[in-house]
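Chemist: Got a file for you: structure_11.txt, compact mmCIF, C-alpha atoms.
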```txt
# COMPACT_ATOMS: atom_id res chain seq x y z
CA MET A 1 8.76 -28.32 -65.70
CA ALA A 2 6.36 -30.85 -64.35
CA THR A 3 4.08 -29.71 -61.64
CA THR A 4 3.10 -31.82 -58.66
CA THR A 5 -0.38 -31.96 -57.30
CA THR A 6 -1.45 -32.87 -53.83
CA PRO A 7 -4.57 -34.91 -53.22
CA PRO A 8 -7.45 -32.96 -51.79
CA THR A 9 -7.78 -33.16 -48.05
CA ALA A 10 -10.90 -34.93 -46.83
CA PRO A 11 -13.19 -32.69 -44.79
CA ALA A 12 -13.15 -33.22 -41.07
CA ASP A 13 -15.89 -35.39 -39.61
CA PRO A 14 -17.96 -33.13 -37.38
CA THR A 15 -19.14 -36.15 -35.38
CA ALA A 16 -15.60 -37.29 -34.44
CA PRO A 17 -14.49 -36.38 -30.90
CA ALA A 18 -11.89 -33.71 -30.60
CA ALA A 19 -8.37 -34.89 -29.81
CA GLN A 20 -7.43 -34.23 -26.23
CA ALA A 21 -4.07 -32.77 -25.47
CA ASP A 22 -1.85 -34.90 -23.25
CA PRO A 23 -0.69 -32.69 -20.34
CA THR A 24 2.55 -34.72 -20.17
CA GLY A 25 3.41 -33.79 -23.74
CA ARG A 26 3.47 -37.41 -24.92
CA SER A 27 1.91 -38.46 -28.19
CA ALA A 28 -1.64 -39.79 -28.03
CA THR A 29 -0.48 -42.81 -30.00
CA ALA A 30 1.97 -43.91 -27.30
CA THR A 31 1.41 -47.41 -26.06
CA SER A 32 -0.46 -47.72 -22.81
CA ALA A 33 0.99 -49.42 -19.72
CA PRO A 34 0.79 -53.22 -19.75
CA ALA A 35 -2.25 -54.67 -18.08
CA ARG A 36 -1.78 -55.99 -14.56
CA PRO A 37 -1.60 -59.79 -14.51
CA GLY A 38 -4.62 -61.66 -13.29
CA LEU A 39 -5.05 -63.03 -9.80
CA ALA A 40 -4.11 -66.59 -10.80
CA VAL A 41 -0.83 -65.41 -12.32
CA ARG A 42 0.03 -63.27 -9.30
CA VAL A 43 -0.66 -66.12 -6.85
CA LEU A 44 0.54 -69.14 -8.83
CA GLY A 45 3.19 -67.61 -11.07
CA ASP A 46 3.44 -70.10 -13.92
CA THR A 47 -0.12 -71.30 -14.58
CA HIS A 48 0.90 -73.97 -17.08
CA ALA A 49 -0.57 -77.46 -16.49
CA LEU A 50 -2.28 -76.59 -13.20
CA GLY A 51 -4.69 -79.48 -13.76
CA ARG A 52 -1.75 -81.81 -13.12
CA ARG A 53 0.39 -79.72 -10.80
CA LEU A 54 -2.16 -78.95 -8.08
CA PRO A 55 -3.27 -82.58 -7.55
CA GLN A 56 0.37 -83.71 -7.73
CA LEU A 57 1.29 -81.17 -5.05
CA LEU A 58 -1.49 -82.39 -2.75
CA VAL A 59 -0.62 -86.07 -3.25
CA GLY A 60 3.05 -85.35 -2.62
CA LEU A 61 2.37 -83.49 0.62
CA VAL A 62 -0.01 -86.17 1.93
CA LEU A 63 2.54 -88.89 1.17
CA TYR A 64 5.26 -86.80 2.80
CA GLY A 65 3.27 -86.57 6.04
CA ALA A 66 2.47 -90.29 5.87
CA SER A 67 6.14 -91.17 5.40
CA MET A 68 7.07 -89.11 8.47
CA ALA A 69 4.47 -91.00 10.50
CA LEU A 70 5.86 -94.34 9.33
CA MET A 71 9.35 -93.26 10.34
CA LEU A 72 8.05 -92.42 13.80
CA ARG A 73 6.22 -95.76 14.08
CA SER A 74 9.40 -97.66 13.17
CA GLY A 75 10.96 -96.39 16.38
CA LEU A 76 14.44 -96.37 14.83
CA GLY A 77 15.01 -92.63 14.70
CA LEU A 78 13.61 -89.63 12.86
CA ASP A 79 14.97 -86.99 10.52
CA PRO A 80 16.40 -83.93 12.34
CA TRP A 81 13.31 -81.72 12.10
CA ASP A 82 11.03 -84.50 13.33
CA VAL A 83 13.36 -85.19 16.25
CA PHE A 84 12.72 -81.57 17.16
CA HIS A 85 8.96 -81.86 16.63
CA GLN A 86 8.80 -85.03 18.72
CA GLY A 87 10.85 -83.36 21.46
CA LEU A 88 8.38 -80.48 21.58
CA GLN A 89 5.47 -82.93 21.73
CA ARG A 90 7.01 -84.78 24.65
CA THR A 91 7.95 -81.60 26.52
CA VAL A 92 5.06 -79.24 25.83
CA GLY A 93 2.22 -81.44 24.62
CA LEU A 94 0.04 -81.36 21.48
CA SER A 95 0.61 -83.87 18.68
CA VAL A 96 3.73 -84.25 16.59
CA GLY A 97 1.75 -83.23 13.50
CA ALA A 98 0.55 -80.09 15.27
CA TRP A 99 4.16 -79.13 15.97
CA VAL A 100 5.05 -79.80 12.33
CA THR A 101 2.40 -77.23 11.37
CA ILE A 102 3.32 -74.70 14.08
CA CYS A 103 7.05 -74.85 13.34
CA GLY A 104 6.40 -74.57 9.60
CA ALA A 105 4.38 -71.40 10.17
CA LEU A 106 7.07 -69.96 12.46
CA VAL A 107 9.82 -70.73 9.96
CA LEU A 108 7.72 -68.98 7.32
CA LEU A 109 7.94 -65.78 9.36
CA PHE A 110 11.72 -65.78 8.85
CA TRP A 111 11.06 -65.42 5.13
CA ILE A 112 9.93 -61.83 5.69
CA PRO A 113 13.36 -60.28 6.41
CA LEU A 114 14.85 -62.53 3.72
CA ARG A 115 12.30 -61.18 1.21
CA GLN A 116 11.27 -64.66 0.19
CA LEU A 117 7.87 -64.95 -1.48
CA PRO A 118 5.86 -68.08 -0.57
CA GLY A 119 3.99 -69.98 -3.23
CA VAL A 120 0.81 -71.99 -3.03
CA GLY A 121 2.94 -75.06 -2.38
CA THR A 122 4.63 -73.32 0.55
CA VAL A 123 1.35 -72.57 2.31
CA ALA A 124 -0.04 -76.02 1.49
CA ASN A 125 3.13 -77.55 2.94
CA VAL A 126 2.42 -75.88 6.28
CA LEU A 127 -1.23 -76.92 6.34
CA VAL A 128 -1.21 -80.45 4.88
CA ILE A 129 1.89 -82.34 6.06
CA GLY A 130 1.21 -82.16 9.80
CA ALA A 131 -2.43 -83.16 9.37
CA ALA A 132 -1.47 -86.09 7.12
CA MET A 133 1.10 -87.21 9.67
CA ASP A 134 -1.38 -87.19 12.57
CA LEU A 135 -4.00 -89.02 10.50
CA THR A 136 -1.51 -91.74 9.55
CA LEU A 137 -0.40 -92.13 13.17
CA ARG A 138 -4.02 -92.81 14.13
CA VAL A 139 -4.41 -95.72 11.72
CA VAL A 140 -0.92 -97.28 11.68
CA ASP A 141 0.57 -99.09 14.67
CA GLY A 142 4.26 -99.75 15.12
CA PRO A 143 5.44 -103.31 14.34
CA GLY A 144 7.04 -105.36 17.09
CA PRO A 145 9.91 -107.41 15.57
CA VAL A 146 13.11 -105.59 14.66
CA ALA A 147 13.00 -106.87 11.07
CA ALA A 148 9.52 -105.43 10.59
CA ARG A 149 10.62 -102.10 12.04
CA VAL A 150 13.61 -101.97 9.69
CA ALA A 151 11.34 -102.75 6.74
CA LEU A 152 8.97 -99.99 7.83
CA MET A 153 11.87 -97.55 8.11
CA VAL A 154 13.11 -98.41 4.60
CA ALA A 155 9.59 -98.05 3.19
CA ALA A 156 9.17 -94.70 4.96
CA ILE A 157 12.44 -93.26 3.60
CA THR A 158 11.65 -94.46 0.07
CA LEU A 159 8.13 -93.02 0.26
CA ASN A 160 9.60 -89.74 1.47
CA GLY A 161 11.83 -89.64 -1.60
CA VAL A 162 8.82 -90.21 -3.86
CA ALA A 163 6.83 -87.52 -2.02
CA THR A 164 9.71 -85.06 -2.30
CA GLY A 165 9.87 -85.59 -6.07
CA LEU A 166 6.11 -85.12 -6.35
CA TYR A 167 5.72 -81.88 -4.41
CA ILE A 168 8.92 -80.23 -5.66
CA GLY A 169 8.20 -81.38 -9.21
CA ALA A 170 4.84 -79.60 -9.09
CA ARG A 171 6.78 -76.29 -9.13
CA LEU A 172 4.36 -74.45 -6.84
CA GLY A 173 6.81 -73.25 -4.21
CA PRO A 174 9.33 -74.77 -1.80
CA GLY A 175 8.56 -75.85 1.74
CA PRO A 176 9.18 -73.34 4.55
CA ARG A 177 12.42 -74.99 5.69
CA ASP A 178 13.85 -75.33 2.18
CA GLY A 179 12.90 -71.73 1.44
CA LEU A 180 14.68 -70.59 4.60
CA MET A 181 17.89 -72.24 3.39
CA THR A 182 17.66 -70.82 -0.13
CA GLY A 183 16.83 -67.36 1.27
CA LEU A 184 19.84 -67.44 3.59
CA HIS A 185 21.98 -68.62 0.69
CA ARG A 186 20.86 -65.70 -1.46
CA ARG A 187 21.35 -63.12 1.30
CA THR A 188 24.63 -64.41 2.78
CA GLY A 189 26.33 -66.14 -0.14
CA ARG A 190 27.02 -69.22 2.01
CA SER A 191 26.78 -72.63 0.38
CA LEU A 192 23.44 -74.42 0.56
CA ARG A 193 25.12 -77.57 1.89
CA LEU A 194 26.74 -75.62 4.73
CA LEU A 195 23.50 -73.85 5.62
CA ARG A 196 21.42 -77.02 5.49
CA THR A 197 23.93 -78.93 7.61
CA GLY A 198 24.14 -76.15 10.18
CA ILE A 199 20.37 -75.71 10.52
CA GLU A 200 19.65 -79.44 10.73
CA LEU A 201 22.40 -80.06 13.28
CA ALA A 202 20.98 -77.23 15.39
CA VAL A 203 17.40 -78.55 15.32
CA LEU A 204 18.65 -82.11 15.90
CA ALA A 205 20.57 -81.03 19.00
CA ALA A 206 17.58 -79.07 20.28
CA GLY A 207 15.29 -82.03 19.62
CA LEU A 208 17.54 -84.42 21.51
CA LEU A 209 17.66 -82.05 24.47
CA LEU A 210 13.85 -81.98 24.45
CA GLY A 211 13.59 -85.78 24.39
CA GLY A 212 13.25 -86.53 20.67
CA THR A 213 14.37 -89.87 19.22
CA ALA A 214 17.43 -90.19 17.00
CA GLY A 215 18.97 -93.44 15.84
CA VAL A 216 19.86 -95.52 12.84
CA GLY A 217 16.86 -94.11 11.00
CA THR A 218 18.27 -90.59 11.41
CA VAL A 219 21.55 -91.62 9.78
CA ALA A 220 19.82 -93.67 7.06
CA TYR A 221 17.54 -90.76 6.21
CA ALA A 222 20.44 -88.31 5.98
CA LEU A 223 22.36 -90.63 3.63
CA ALA A 224 19.47 -91.76 1.43
CA ILE A 225 17.08 -88.84 0.98
CA GLY A 226 19.34 -86.81 -1.33
CA PRO A 227 19.94 -89.60 -3.86
CA LEU A 228 16.29 -90.72 -3.67
CA ALA A 229 14.96 -87.22 -4.33
CA GLN A 230 17.44 -86.79 -7.18
CA PHE A 231 16.23 -90.08 -8.69
CA PHE A 232 12.51 -89.39 -8.44
CA LEU A 233 12.50 -85.66 -9.27
CA PRO A 234 12.97 -86.07 -13.05
CA TRP A 235 10.07 -88.53 -13.11
CA PHE A 236 7.63 -86.07 -11.55
CA THR A 237 8.83 -82.61 -12.61
CA VAL A 238 6.16 -80.88 -14.68
CA PRO A 239 7.87 -79.02 -17.55
CA THR A 240 7.31 -75.31 -18.04
CA ALA A 241 5.18 -74.04 -20.91
CA ALA A 242 8.33 -73.06 -22.83
CA ALA A 243 9.88 -76.50 -22.33
CA SER A 244 6.64 -78.20 -23.43
CA ALA A 245 6.48 -76.05 -26.56
CA ALA A 246 10.13 -76.74 -27.37
CA SER A 247 9.59 -80.46 -26.90
CA ALA A 248 6.51 -80.41 -29.16
CA ALA A 249 8.41 -78.48 -31.82
CA ARG A 250 11.29 -80.94 -31.66
CA VAL A 251 8.94 -83.91 -32.06
CA THR A 252 7.22 -82.20 -35.01
CA SER A 253 10.58 -81.51 -36.64
CA GLU A 254 11.71 -85.11 -36.15
CA ASN A 255 8.46 -86.45 -37.59
CA ALA A 256 8.77 -84.15 -40.59
CA ALA A 257 12.34 -85.30 -41.17
CA ARG A 258 11.22 -88.95 -41.20
CA THR A 259 8.39 -88.27 -43.69
CA PRO A 260 9.54 -88.98 -47.27
CA ALA A 261 9.31 -86.09 -49.67
```
Output the file's structure as structure tokens, nothing else.

Modeler:
Amino acid sequence: MATTTTPPTAPADPTAPAAQADPTGRSATATSAPARPGLAVRVLGDTHALGRRLPQLLVGLVLYGASMALMLRSGLGLDPWDVFHQGLQRTVGLSVGAWVTICGALVLLFWIPLRQLPGVGTVANVLVIGAAMDLTLRVVDGPGPVAARVALMVAAITLNGVATGLYIGARLGPGPRDGLMTGLHRRTGRSLRLLRTGIELAVLAAGLLLGGTAGVGTVAYALAIGPLAQFFLPWFTVPTAAASAASAARVTSENAARTPA
């Protein structure tokens, strides 16, 4: 009968540290807990293409504030929130842009019970839009003739659609008012359209009572901004890292298929 031999055991290294017993009874070879993500990941979430997304966010917010100022200068009516901001300015004082900032910060407080987490774009929305609006109001005067005012209104609404596509497409967080609607939708199950309509009708009524201006521009904005944002958003949306990788892989596969064997 054949006999089996076992290889000799190597002597223990006296310089090696002694194995420490795990008081929890788990094996020493168990995997450690995953490392905590870095500060940039915790603050920004997806850090893909930040070199494009951060400047795009800033440009979008500046243009958004400028478009609101142009709407005001046209004198043909404002969007519901700006009717409210203008009413506060006329009743209490301060500038319209200051009230844009104050109301944005106050709306952000309602995110707390809704457990909404603001992004960099959310905070920038509060800080930048009102300042951009006030700066534009300082350098742009309202035109006199009705035709010029209508042209200014159309330009303002179109610019607002472009700005909406830019700042939302940067994927760095919704504005305070949009986040309020999505938070209420998640918590209550109500439709976004119903919530948006209800909130904007409420602020419009409050703005009119305070002396804000509504008119043909208010109606035109309500009808046009949705289609405009939907048109411009695909142009400016920055793809995620996964989408970029999938697109690159698809292009590589197509190029390989065209290459003759």

Chemist: When you draw a straight line from CA of Leu72 in chain A to CA of Ala156 in chain A, how long is it in Å?

Modeler: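 Between these atoms lies a distance of 9.2 Å.
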
Chemist: Within 8 Å of range 176-178 of chain A, counting only C-alpha atoms, which residues qualify if same-chain residues fewer than 4 places away don't, as a ChimeraX atom specification?

Modeler: /A:104-105,107-108,122,125-126,182

Chemist: Measuring atom to atom with all atoms listed in the file, identify which of A:Ile129, A:Leu94, A:Ala206, A:Ile102 is nearest to Ala163 in chain A.

Modeler: A:Ile129

Chemist: What does the structure give for the distance between CA of Val59 in chain A and CA of Val140 in chain A, in Å to one decimal?

Modeler: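 Computing it gives 18.7 Å between the two atoms.
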
Chemist: When you count all atoms listed in the file, which of these residues is closest to Phe236 in chain A: A:Leu194, A:Leu223, A:Val203, A:Ala170?

Modeler: A:Ala170

Chemist: With all atoms listed in the file as the atoms that count, which of A:Gly121, A:Val92, A:Arg187, A:Asp79 lies nearest to Arg171 in chain A?

Modeler: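 With all atoms listed in the file as the atom set, the closest residue is A:Gly121.
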
Chemist: Could you check which of A:Gly165, A:Pro174, A:Gly65, A:Gly142 is closest to Gly226 in chain A, using all atoms listed in the file?

Modeler: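 Of A:Gly165, A:Pro174, A:Gly65, A:Gly142, the one nearest Gly226 in chain A, counting all atoms listed in the file, is A:Gly165.
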